[in-house]
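Encoded as structure tokens, the structure appears first; notes follow it.
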Amino acid sequence: MGSPTAGEEVPVFTWKRDSREPEIISLQEGLTGIGEPVAVRSLYHPEKETERHTVRSLRMTFSPDVSVCRYCFAPYSPLKSPSPPDRPASLSPSGAAGSAHPPKEAHDFGPLDSVTRLKVPGDAVKMEDRLHYILAPPLETLLKSESLELPFAPFSYQKQGISFLFSSHFAILADEMGLGKTMQAIVTIRLLLKSGECRRILLVCPKPLVPNWKRELSLWAPEIEVEVIEGKSARRQWLWELSDVPVRIANYELLPRDREFFDTPEFRETNRFDLVVLDESQRIKNRQSITFEAASAIPRRRNWALTGTPIENSSEDLVSIFEFLSPGYLTSGLKPSHMRDIVGEHILRRLKKDVLKDLPPILIRNAPIELEGEQYESYRLAAEEGEIRLNQLGDSVTMTHAFELALRLKQICNFDPVTGESAKYERLAADLDEIAQSGQKAIVFSQWVATHQRLRQLLKEYHPAEYHGKIPTARREEELRRFRDDPDCSVILMTYGAGSVGLNLQFAGYVFLFDRWWNPAVEDQAINRAHRIGAAGPVTVTRFLCLDTIEEKIDKILEEKRLLAETVLSGARGIEPALGLTQEDIFGLFNIKIAKRK
Amino acid sequence: MAPQSPPAEYLGFISVTETSSQGFLGGFLILDRNGHPIEFHCTVPVHANRAQEILYGETLGSFLCGQQIAPSLYKHKKTAVTALITDSPLFLSFGAEADVPFLLLLNPMPAGIREALPGVITPTLSDVCALGRVDPAEWKEAEEDGLRYMLRAGDSETGISESLRLFRRLIDLTEPFDRIYLAIKESLKGS
């Protein structure tokens with residue numbers, strides 16, 4: 001479009017709120033191959049402009065009357081970019097000619113950051129769609145609206161997270177544990193429901209976290225009706241299809257069983273979800289699992305994943321999550337740096353140290369424990385005999401054999417199986433006594449329920465609460481309440497599996513890792529039950545470590561893997577992450593003199 | 001004379017951006033009282049040729065904005081607005097003739113005034129009218145809960161005050177100008 005000169009009629013571009021095209025979600029049509037160029041006409045100047053995109057996803061479509069790709073996730077970059085305008089500050093009454101105040105340099109737009117603006121999604125290509133976000137009121141205005149009162153003022157980084165999610169059709173909110181992913185998701189859901197952009201929303205989370213989501217929803221969005229999909233088959237089917245409930249919660253375990261209810265043409269036609277949110281989305285990291293397949297079959301328009309550990313074992317975890325969010329968008333085998341370039345726009349990750357300068361400090365210390373007496377003898381015998389047996393197995397030794405021995409030795413480090421002696425318990429009891437005396441609370445994590453059952457007996461005087469697989473789901477909330485409210489209850493016993501995600505225990509100042517998990521990300525999750533927003537004071541984490549045992553070897557491996565995780569998530573090049581213990585790691589724990597390992 | 005203001009429903013925000021290479025770009029945003037956009041209009045870049053620069057001299061900006069850009073933008077609106085608000089004195093000549101109350105925000109001082117009157121902390125009505133090439137006798141100053149603005153002498157302050165109060169419950173009246181600016185910038189990218 002040419003520039004008119006003074007005196008000519010000035011052409012005007014018009015945007016109206018109702019002029020946006022309806023969402024175009026029909027996928028898998030009009031496809032070209034990934035990596036191929038495709039020409040796209042701009043709606044703004046259809047007669048002139050032709051843009052070139054590279055097909056980067058199979059989720060791409062062309063609508064005949066729109067002629068613009070909505071799912072080509074390449075940034076919208078015109079072939080020839082006009083110069084950006086200068087700051088409005090250059091407005092001078094004297095006009096363009098002879099101004100005493102020449103226009104400032106391009107991009108000198110000054111601070112516009114006193115408000116949180118909605119993010120323009122990278123896949124919004126049409127001008128109308130982009131203006132929809134640019135012209136929207138800032139988040140602060142939206143939140144000030146009468147019906148959107150919040151119990152607490154969000155932090156600035158949380159508002160940015162809400163802005164990110166609000167305009168994202170597929171995204172991972174990967175904030176470090178404890179930064180309030182749940183709250184950010186709920187407030188965004190509230191805004192989407194309020195604005196009419198969403199009407200049917202599904203939250204999927206691990207079963208133990210369902211009460212947590214209900215509680216958080218009632219806190220941050222009390223007006224939203226929520227249904228939990230549970231009960232007998234007929235009732236669940238009814239709940240899946242129920243039309244007038246804006247938010248429903250399902251657990252991962254349920255998805256494969258209920259797939260027959262939602263993976264049907266009729267459901268897709270009439271009950272498709274406007275938004276599906278996967279909490280703790282590392283649960284779908286295995287693309288061969290029935291959970292992944294069932295989750296991927298949920299009919300939906302947009303989806304988010306929430307996880308503090310998007311890469312738990314390897315970068316393949318991230319590929320899996322993206323395979324759910326946008327099939328074909330991210331492929332296996334890419335270098336970490338390339339992967340980061342592709343997904344960067346769709347992942348928001350913040351670390352506590354970056355955004356919560358005033359979060360109380362966390363002190364992580366290893367507590368070296370020396371096994372003594374009967375416990376030491378039991379360990380020595382088991383270790384020696386175990387290695388002998390592994391070597392006797394020769395070529396038939398498998399990872400399972402080695403893993404079983406590792407588990408056995410770790411258990412002996414906790415308690416002597418014969419006498420019940422425990423050097424770790426002695427240390428824990430001493431620490432707990434001081435903690436209880438000062439009115440503080442502590443969380444004790446272990447891998448095993450059996451360990452907690454012993455501890456429960458030994459720690460009776462502290463009235464321990466319990467939260468693990470042997471505690472029925474219905475009783476867990478009561479145990480949490482008791483731990484929080486009962487001044488006599490100084491400690492809660494948790495397994496990594498049940499208690500490492502989604503719980504808010506920021507009133508606990510002490511965390512004990514009675515034994516170590518196999519993956520540092522899971523340990524971090526456990527620690528962050530206490531070290532999160534709202535923590536009243538410093539959090540002290542004590543990791544028990546029996547000297548000259550398998551625990552010391554595992555600790556060394558975990559530390560190395562923790563470093564790797566930090567490297568990949570910060571985008572460093574050339575390192576393929578593998579955070580969990582590999583087969584080589586497990587075999588490496590023992591002195592096995594065989595060449596061939598299975 | 002503008003009619004008495006009806007109860008506030010929509011406010012129109014009009015602004016302009018100048019680029020060194022392309023000239024002036026005007027933007028007009030209509031918001032409801034929750035700050036939601038109803039309409040947005042923006043012009044293509046408008047520039048003066050050398051002859052016009054000589055002919056209009058220092059009044060060129062006021063001519064382009066007040067007589068060319070603003071009428072073009074306003075003509076395209078589909079939604080009736082309660083009042084028009086600007087952050088640029090260059091629109092005052094248009095505002096003098098507008099069919100709804102017209103306000104120029106003074107506090108915080110718009111960049112156009114700040115740069116044209118360097119060192120001036122509180123510009124007088126005469127100063128600002130001189131920038132917009134309008135008669136100071138036809139304008140007056142008003143203040144509403146910390147917000148300073150000028151409006152036409154014949155417009156009812158009471159009616160305007162009620163409108164502003166309703167809108168300011170949720171929106172900062174200077175914020176929509178940032179949206180206009182960002183949207184103009186985006187429209188340039190697409191052109």
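Chain identifiers are assigned as A, B, and so on, following the order in which chains appear in the structure tokens; residues are numbered from 1 within each chain, and ligands are numbered from 1 in order of appearance.
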Open item on the list: Could you pull out the strand (DSSP E) residues of region 248-360 of chain A, going by DSSP on the backbone, and write them as a PyMOL selection string?
Closed with: chain A and resi 248-251+273-279+300-306+347-348
How would the residues just picked look written out with C-alpha atoms as an mmCIF file, in the first residue's frame?
data_model
loop_
_atom_site.group_PDB
_atom_site.id
_atom_site.type_symbol
_atom_site.label_atom_id
_atom_site.label_comp_id
_atom_site.auth_asym_id
_atom_site.auth_seq_id
_atom_site.Cartn_x
_atom_site.Cartn_y
_atom_site.Cartn_z
ATOM 1 C CA ARG A 248 -13.533 -31.354 35.149
ATOM 2 C CA ILE A 249 -10.634 -33.246 36.619
ATOM 3 C CA ALA A 250 -9.479 -36.693 35.581
ATOM 4 C CA ASN A 251 -6.501 -38.680 36.756
ATOM 5 C CA PHE A 273 -12.571 -29.844 25.045
ATOM 6 C CA ASP A 274 -11.525 -26.280 24.488
ATOM 7 C CA LEU A 275 -8.496 -26.867 26.663
ATOM 8 C CA VAL A 276 -6.755 -29.871 28.162
ATOM 9 C CA VAL A 277 -4.149 -29.316 30.863
ATOM 10 C CA LEU A 278 -1.775 -32.099 31.814
ATOM 11 C CA ASP A 279 -0.316 -31.565 35.253
ATOM 12 C CA ARG A 300 -9.256 -30.849 22.216
ATOM 13 C CA ARG A 301 -8.600 -27.466 20.661
ATOM 14 C CA ARG A 302 -5.652 -26.388 22.734
ATOM 15 C CA ASN A 303 -3.458 -27.921 25.412
ATOM 16 C CA TRP A 304 -0.879 -27.096 27.989
ATOM 17 C CA ALA A 305 1.535 -29.221 29.953
ATOM 18 C CA LEU A 306 2.641 -28.347 33.463
ATOM 19 C CA ILE A 347 8.176 -23.309 26.923
ATOM 20 C CA LEU A 348 8.250 -20.946 29.826
#
Residues of chain B at most 6 Å from chain A: nearest atom pair and distance in Å, only C-alpha atoms, as a Markdown table:
| residue | atom | partner | partner_atom | distance |
| --- | --- | --- | --- | --- |
| B:Thr17 | CA | A:Pro88 | CA | 4.8 |
| B:Glu18 | CA | A:Leu91 | CA | 5.9 |
| B:Thr19 | CA | A:Pro85 | CA | 5.0 |
| B:Ser20 | CA | A:Pro103 | CA | 5.9 |
| B:Gly35 | CA | A:Pro137 | CA | 5.6 |
| B:His36 | CA | A:Pro137 | CA | 5.8 |
| B:Ile38 | CA | A:Arg17 | CA | 5.2 |
| B:Glu39 | CA | A:Lys16 | CA | 4.4 |
| B:Phe40 | CA | A:Trp15 | CA | 4.9 |
| B:His41 | CA | A:Thr14 | CA | 4.4 |
| B:Cys42 | CA | A:Phe13 | CA | 5.3 |
| B:Thr43 | CA | A:Val12 | CA | 4.4 |
| B:Pro45 | CA | A:Ser3 | CA | 5.5 |
| B:Val46 | CA | A:Pro4 | CA | 5.4 |
| B:His47 | CA | A:Thr5 | CA | 5.1 |
| B:Ala48 | CA | A:Thr5 | CA | 5.3 |
| B:Glu58 | CA | A:Ser94 | CA | 4.2 |
| B:Leu60 | CA | A:Gly95 | CA | 5.3 |
| B:Gly61 | CA | A:Gly95 | CA | 3.9 |
| B:Ala111 | CA | A:Ala89 | CA | 4.7 |
| B:Gly112 | CA | A:Leu91 | CA | 4.9 |
| B:Leu131 | CA | A:Pro93 | CA | 5.8 |
| B:Leu170 | CA | A:Thr141 | CA | 5.7 |
| B:Arg179 | CA | A:Leu135 | CA | 5.5 |
Saved selection, atoms kept: N, CA and C atoms, as an mmCIF file, in the first residue's frame:
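Below is the file out-v9.cif, written as the result:
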data_model
loop_
_atom_site.group_PDB
_atom_site.id
_atom_site.type_symbol
_atom_site.label_atom_id
_atom_site.label_comp_id
_atom_site.auth_asym_id
_atom_site.auth_seq_id
_atom_site.Cartn_x
_atom_site.Cartn_y
_atom_site.Cartn_z
ATOM 1 N N THR B 17 1.759 8.398 15.556
ATOM 2 C CA THR B 17 3.172 8.066 15.654
ATOM 3 C C THR B 17 3.875 8.637 14.431
ATOM 4 N N GLU B 18 5.057 9.118 14.640
ATOM 5 C CA GLU B 18 5.800 9.683 13.519
ATOM 6 C C GLU B 18 7.051 8.856 13.273
ATOM 7 N N THR B 19 7.283 8.516 12.043
ATOM 8 C CA THR B 19 8.526 7.831 11.721
ATOM 9 C C THR B 19 9.351 8.733 10.812
ATOM 10 N N SER B 20 10.623 8.602 10.956
ATOM 11 C CA SER B 20 11.495 9.484 10.167
ATOM 12 C C SER B 20 11.395 9.171 8.684
ATOM 13 N N GLY B 35 -12.165 -1.908 29.383
ATOM 14 C CA GLY B 35 -10.868 -1.829 28.707
ATOM 15 C C GLY B 35 -10.757 -2.749 27.518
ATOM 16 N N HIS B 36 -11.831 -3.428 27.169
ATOM 17 C CA HIS B 36 -11.772 -4.340 26.017
ATOM 18 C C HIS B 36 -11.896 -3.547 24.721
ATOM 19 N N ILE B 38 -13.035 -2.561 21.111
ATOM 20 C CA ILE B 38 -14.220 -2.780 20.281
ATOM 21 C C ILE B 38 -13.856 -2.593 18.815
ATOM 22 N N GLU B 39 -13.129 -1.519 18.553
ATOM 23 C CA GLU B 39 -12.677 -1.260 17.185
ATOM 24 C C GLU B 39 -11.281 -0.678 17.246
ATOM 25 N N PHE B 40 -10.561 -0.926 16.179
ATOM 26 C CA PHE B 40 -9.272 -0.251 16.031
ATOM 27 C C PHE B 40 -9.109 0.127 14.557
ATOM 28 N N HIS B 41 -8.682 1.339 14.343
ATOM 29 C CA HIS B 41 -8.426 1.799 12.983
ATOM 30 C C HIS B 41 -7.060 2.450 12.958
ATOM 31 N N CYS B 42 -6.337 2.213 11.890
ATOM 32 C CA CYS B 42 -5.067 2.931 11.760
ATOM 33 C C CYS B 42 -4.853 3.289 10.296
ATOM 34 N N THR B 43 -4.133 4.352 10.131
ATOM 35 C CA THR B 43 -3.880 4.816 8.762
ATOM 36 C C THR B 43 -2.589 4.204 8.242
ATOM 37 N N PRO B 45 1.031 5.119 6.504
ATOM 38 C CA PRO B 45 1.875 6.300 6.752
ATOM 39 C C PRO B 45 1.505 7.457 5.821
ATOM 40 N N VAL B 46 1.417 8.617 6.426
ATOM 41 C CA VAL B 46 1.092 9.821 5.653
ATOM 42 C C VAL B 46 2.313 10.737 5.688
ATOM 43 N N HIS B 47 2.753 11.140 4.525
ATOM 44 C CA HIS B 47 3.921 12.033 4.522
ATOM 45 C C HIS B 47 3.650 13.270 3.668
ATOM 46 N N ALA B 48 4.355 14.273 3.948
ATOM 47 C CA ALA B 48 4.189 15.522 3.191
ATOM 48 C C ALA B 48 5.290 15.594 2.142
ATOM 49 N N GLU B 58 5.582 25.106 10.191
ATOM 50 C CA GLU B 58 5.449 24.531 11.534
ATOM 51 C C GLU B 58 4.056 24.005 11.818
ATOM 52 N N LEU B 60 2.506 21.994 9.877
ATOM 53 C CA LEU B 60 2.306 20.798 9.063
ATOM 54 C C LEU B 60 1.753 19.626 9.894
ATOM 55 N N GLY B 61 2.357 19.375 11.052
ATOM 56 C CA GLY B 61 1.915 18.250 11.887
ATOM 57 C C GLY B 61 0.465 18.426 12.297
ATOM 58 N N ALA B 111 4.151 12.777 25.602
ATOM 59 C CA ALA B 111 5.490 12.977 25.062
ATOM 60 C C ALA B 111 5.534 14.138 24.069
ATOM 61 N N GLY B 112 4.469 14.279 23.286
ATOM 62 C CA GLY B 112 4.451 15.339 22.281
ATOM 63 C C GLY B 112 4.577 16.722 22.905
ATOM 64 N N LEU B 131 0.531 24.815 20.527
ATOM 65 C CA LEU B 131 1.074 23.635 19.840
ATOM 66 C C LEU B 131 0.048 23.042 18.879
ATOM 67 N N LEU B 170 -11.235 0.632 36.111
ATOM 68 C CA LEU B 170 -10.481 -0.530 35.648
ATOM 69 C C LEU B 170 -9.296 -0.198 34.758
ATOM 70 N N ARG B 179 -1.234 0.665 23.604
ATOM 71 C CA ARG B 179 -1.816 -0.360 22.730
ATOM 72 C C ARG B 179 -1.893 0.156 21.283
#
Open item on the list: I'd like the neighbourhood of Val134 (chain B) as a PyMOL selection string, where a residue qualifies if any of its atoms comes within 9 Å (using only C-alpha atoms), though same-chain residues fewer than 6 positions away should be ignored.
Closed with: chain B and resi 92-93+96+128
For Pro89 (chain B): contacts at 12 Å, only C-alpha atoms, fewer than 2 positions along chain excluded, given as a CSV table (one decimal) with C-alpha atoms, in the first residue's frame:
chain,number,residue,atom,x,y,z
A,91,LEU,CA,5.8,13.7,17.9
A,92,SER,CA,6.6,17.3,17.3
A,93,PRO,CA,4.1,20.0,16.6
A,94,SER,CA,6.5,21.2,13.9
A,95,GLY,CA,5.8,18.1,11.9
B,14,ILE,CA,-6.8,8.7,19.2
B,15,SER,CA,-3.0,9.0,18.8
B,16,VAL,CA,-0.3,9.4,16.2
B,59,THR,CA,1.7,23.8,11.2
B,61,GLY,CA,1.9,18.2,11.9
B,62,SER,CA,-1.2,19.9,13.1
B,63,PHE,CA,-2.6,20.0,9.6
B,65,CYS,CA,-3.1,15.0,12.1
B,66,GLY,CA,-6.1,17.4,12.7
B,85,ILE,CA,-9.3,11.2,24.3
B,86,THR,CA,-5.9,12.0,22.8
B,87,ASP,CA,-2.4,12.4,24.0
B,91,PHE,CA,-5.4,16.6,17.1
B,92,LEU,CA,-6.8,19.7,18.9
B,93,SER,CA,-8.0,21.3,15.6
B,94,PHE,CA,-10.0,18.1,14.9
B,95,GLY,CA,-11.2,18.0,18.5
B,96,ALA,CA,-12.6,21.5,18.3
B,102,PHE,CA,-12.8,15.9,23.2
B,103,LEU,CA,-10.1,15.6,25.9
B,104,LEU,CA,-6.3,16.1,25.7
B,105,LEU,CA,-4.6,14.4,28.6
B,106,LEU,CA,-2.1,16.7,30.4
B,109,MET,CA,2.4,14.9,30.3
B,110,PRO,CA,2.2,13.4,26.8
B,111,ALA,CA,5.5,13.0,25.1
B,112,GLY,CA,4.5,15.3,22.3
B,113,ILE,CA,4.0,18.2,24.7
B,114,ARG,CA,7.1,17.3,26.8
B,115,GLU,CA,9.3,17.3,23.8
B,116,ALA,CA,7.8,20.5,22.3
B,117,LEU,CA,8.1,22.3,25.6
B,123,PRO,CA,2.3,23.6,30.6
B,125,LEU,CA,-3.4,26.0,28.4
B,126,SER,CA,-2.1,28.7,26.1
B,127,ASP,CA,1.1,26.8,25.6
B,128,VAL,CA,-0.7,23.6,24.6
B,129,CYS,CA,-3.2,25.4,22.4
B,130,ALA,CA,-0.4,27.0,20.6
B,131,LEU,CA,1.1,23.6,19.8
B,132,GLY,CA,-2.3,22.5,18.5
B,133,ARG,CA,-3.0,25.7,16.6
B,134,VAL,CA,-6.3,26.3,18.4
B,149,TYR,CA,-6.8,17.2,31.0
B,150,MET,CA,-8.2,20.0,28.8
B,151,LEU,CA,-11.5,20.0,27.1
Near region 285-298 of chain A, within 6 Å and counting only C-alpha atoms, which residues show up once chain neighbours fewer than 4 positions away are dropped, as a PDB file with C-alpha atoms, in the first residue's frame?
ATOM      1  CA  LEU A 255      -7.577 -42.213  30.886  1.00  0.00           C
ATOM      2  CA  PRO A 256      -6.863 -45.636  29.347  1.00  0.00           C
ATOM      3  CA  ARG A 259     -10.790 -43.862  26.391  1.00  0.00           C
ATOM      4  CA  ASP A 263     -12.242 -41.327  21.742  1.00  0.00           C
ATOM      5  CA  ASP A 317      10.820 -36.851  27.509  1.00  0.00           C
ATOM      6  CA  SER A 320       6.949 -37.011  24.066  1.00  0.00           C
ATOM      7  CA  PHE A 324       1.026 -34.778  22.802  1.00  0.00           C
TER       8      PHE A 324
END
Task: Residues within 7 Å of Ala521 (chain A), only C-alpha atoms, excluding chain neighbours under 4 positions, as a PyMOL selection string - done: chain A and resi 309+312+525
Output N, CA and C atoms for every residue in the selection just made, as a PDB file, in the first residue's frame.
ATOM      1  N   THR A 309       9.766 -30.645  35.623  1.00  0.00           N
ATOM      2  CA  THR A 309      10.878 -31.449  35.090  1.00  0.00           C
ATOM      3  C   THR A 309      10.538 -31.921  33.678  1.00  0.00           C
ATOM      4  N   GLU A 312      13.171 -35.326  32.373  1.00  0.00           N
ATOM      5  CA  GLU A 312      13.424 -36.057  33.608  1.00  0.00           C
ATOM      6  C   GLU A 312      14.524 -37.097  33.399  1.00  0.00           C
ATOM      7  N   GLN A 525      11.876 -32.392  43.280  1.00  0.00           N
ATOM      8  CA  GLN A 525      10.436 -32.225  43.464  1.00  0.00           C
ATOM      9  C   GLN A 525      10.060 -32.428  44.925  1.00  0.00           C
TER      10      GLN A 525
END
TODO: Would you mind writing down, as an MDAnalysis selection string, each residue of region 24-176 of chain B that DSSP on the backbone assigns to alpha helix (DSSP H)?
DONE: chainID B and resid 50:56 60:63 70:75 92:95 111:116 125:132 157:168 175:176
Go ahead and write the residues just picked, C-alpha atoms, as a PDB file, in the first residue's frame.
ATOM      1  CA  ARG B  50       8.547  19.128  -0.063  1.00  0.00           C
ATOM      2  CA  ALA B  51       6.084  21.737  -1.322  1.00  0.00           C
ATOM      3  CA  GLN B  52       3.679  20.983   1.533  1.00  0.00           C
ATOM      4  CA  GLU B  53       6.463  21.188   4.047  1.00  0.00           C
ATOM      5  CA  ILE B  54       7.228  24.676   2.812  1.00  0.00           C
ATOM      6  CA  LEU B  55       3.567  25.659   2.537  1.00  0.00           C
ATOM      7  CA  TYR B  56       2.525  24.507   6.025  1.00  0.00           C
ATOM      8  CA  LEU B  60       2.306  20.798   9.063  1.00  0.00           C
ATOM      9  CA  GLY B  61       1.915  18.250  11.887  1.00  0.00           C
ATOM     10  CA  SER B  62      -1.243  19.885  13.102  1.00  0.00           C
ATOM     11  CA  PHE B  63      -2.645  19.982   9.586  1.00  0.00           C
ATOM     12  CA  ALA B  70      -8.203  12.175  12.487  1.00  0.00           C
ATOM     13  CA  PRO B  71     -11.206  12.721  10.182  1.00  0.00           C
ATOM     14  CA  SER B  72     -10.272   9.637   8.167  1.00  0.00           C
ATOM     15  CA  LEU B  73     -10.043   7.510  11.280  1.00  0.00           C
ATOM     16  CA  TYR B  74     -13.166   8.883  12.873  1.00  0.00           C
ATOM     17  CA  LYS B  75     -15.172   8.401   9.695  1.00  0.00           C
ATOM     18  CA  LEU B  92      -6.824  19.678  18.852  1.00  0.00           C
ATOM     19  CA  SER B  93      -8.011  21.266  15.622  1.00  0.00           C
ATOM     20  CA  PHE B  94     -10.008  18.135  14.912  1.00  0.00           C
ATOM     21  CA  GLY B  95     -11.242  18.014  18.469  1.00  0.00           C
ATOM     22  CA  ALA B 111       5.490  12.977  25.062  1.00  0.00           C
ATOM     23  CA  GLY B 112       4.451  15.339  22.281  1.00  0.00           C
ATOM     24  CA  ILE B 113       4.006  18.193  24.729  1.00  0.00           C
ATOM     25  CA  ARG B 114       7.052  17.280  26.777  1.00  0.00           C
ATOM     26  CA  GLU B 115       9.327  17.341  23.775  1.00  0.00           C
ATOM     27  CA  ALA B 116       7.827  20.462  22.295  1.00  0.00           C
ATOM     28  CA  LEU B 125      -3.424  26.041  28.450  1.00  0.00           C
ATOM     29  CA  SER B 126      -2.067  28.688  26.124  1.00  0.00           C
ATOM     30  CA  ASP B 127       1.146  26.767  25.590  1.00  0.00           C
ATOM     31  CA  VAL B 128      -0.692  23.609  24.619  1.00  0.00           C
ATOM     32  CA  CYS B 129      -3.235  25.401  22.431  1.00  0.00           C
ATOM     33  CA  ALA B 130      -0.374  27.046  20.598  1.00  0.00           C
ATOM     34  CA  LEU B 131       1.074  23.635  19.840  1.00  0.00           C
ATOM     35  CA  GLY B 132      -2.270  22.503  18.458  1.00  0.00           C
ATOM     36  CA  GLU B 157     -17.250  18.789  33.010  1.00  0.00           C
ATOM     37  CA  THR B 158     -19.827  16.980  35.088  1.00  0.00           C
ATOM     38  CA  GLY B 159     -20.788  14.588  32.329  1.00  0.00           C
ATOM     39  CA  ILE B 160     -17.177  13.947  31.376  1.00  0.00           C
ATOM     40  CA  SER B 161     -16.200  13.455  34.964  1.00  0.00           C
ATOM     41  CA  GLU B 162     -18.785  10.712  35.375  1.00  0.00           C
ATOM     42  CA  SER B 163     -17.566   8.964  32.222  1.00  0.00           C
ATOM     43  CA  LEU B 164     -13.967   9.123  33.294  1.00  0.00           C
ATOM     44  CA  ARG B 165     -14.740   7.839  36.742  1.00  0.00           C
ATOM     45  CA  LEU B 166     -16.494   4.788  35.315  1.00  0.00           C
ATOM     46  CA  PHE B 167     -13.655   3.947  32.990  1.00  0.00           C
ATOM     47  CA  ARG B 168     -10.905   4.634  35.457  1.00  0.00           C
ATOM     48  CA  GLU B 175      -2.426   2.867  28.867  1.00  0.00           C
ATOM     49  CA  PRO B 176      -4.564   2.531  25.696  1.00  0.00           C
TER      50      PRO B 176
END
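With CA of Thr182 (chain A) on one side and CA of Leu325 (chain A) on the other, the separation reads 18.3 Å.
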- [ ] Do a neighbour search on Asp524 (chain A) at 10 Å with only C-alpha atoms, toss out local chain neighbours closer than 2 positions, and write the hits as a PyMOL selection string.
- [x] chain A and resi 176-177+308-309+500-501+519-522+526-529+531+562
Could the residues in this selection be saved with N, CA and C atoms as a compact mmCIF listing (two decimals), in the first residue's frame?
# COMPACT_ATOMS: atom_id res chain seq x y z
N GLU A 176 10.22 -24.02 37.82
CA GLU A 176 10.75 -24.87 38.88
C GLU A 176 9.66 -25.08 39.94
N MET A 177 9.74 -26.24 40.56
CA MET A 177 8.72 -26.57 41.55
C MET A 177 8.65 -25.49 42.63
N GLY A 308 7.56 -29.41 36.36
CA GLY A 308 8.81 -28.78 36.80
C GLY A 308 10.01 -29.48 36.23
N THR A 309 9.77 -30.64 35.62
CA THR A 309 10.88 -31.45 35.09
C THR A 309 10.54 -31.92 33.68
N SER A 500 5.92 -36.54 46.18
CA SER A 500 6.94 -35.64 45.63
C SER A 500 6.39 -34.57 44.73
N VAL A 501 5.12 -34.66 44.35
CA VAL A 501 4.60 -33.65 43.42
C VAL A 501 3.30 -33.05 43.95
N ASN A 519 16.75 -40.59 40.71
CA ASN A 519 16.73 -39.49 39.75
C ASN A 519 16.73 -38.16 40.51
N PRO A 520 17.67 -37.29 40.23
CA PRO A 520 17.74 -36.04 40.98
C PRO A 520 16.51 -35.15 40.80
N ALA A 521 15.86 -35.27 39.64
CA ALA A 521 14.67 -34.43 39.42
C ALA A 521 13.58 -34.78 40.42
N VAL A 522 13.43 -36.06 40.72
CA VAL A 522 12.41 -36.48 41.68
C VAL A 522 12.78 -35.99 43.09
N ALA A 526 10.65 -33.43 45.53
CA ALA A 526 10.35 -33.71 46.93
C ALA A 526 10.76 -32.51 47.81
N ILE A 527 11.95 -32.04 47.59
CA ILE A 527 12.46 -30.91 48.38
C ILE A 527 11.56 -29.69 48.22
N ASN A 528 11.05 -29.53 47.03
CA ASN A 528 10.27 -28.32 46.77
C ASN A 528 8.85 -28.37 47.32
N ARG A 529 8.49 -29.45 47.96
CA ARG A 529 7.22 -29.42 48.70
C ARG A 529 7.32 -28.39 49.81
N HIS A 531 10.18 -26.02 50.05
CA HIS A 531 10.84 -24.78 49.62
C HIS A 531 10.09 -24.20 48.45
N ARG A 562 22.69 -34.25 37.80
CA ARG A 562 22.08 -32.98 38.12
C ARG A 562 22.75 -31.84 37.33
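One finds CA of Ser168 (chain A) at 23.2 Å from CA of Ser332 (chain A).
Between CA of Leu191 (chain A) and CA of Pro121 (chain A) there is a distance of 16.6 Å.
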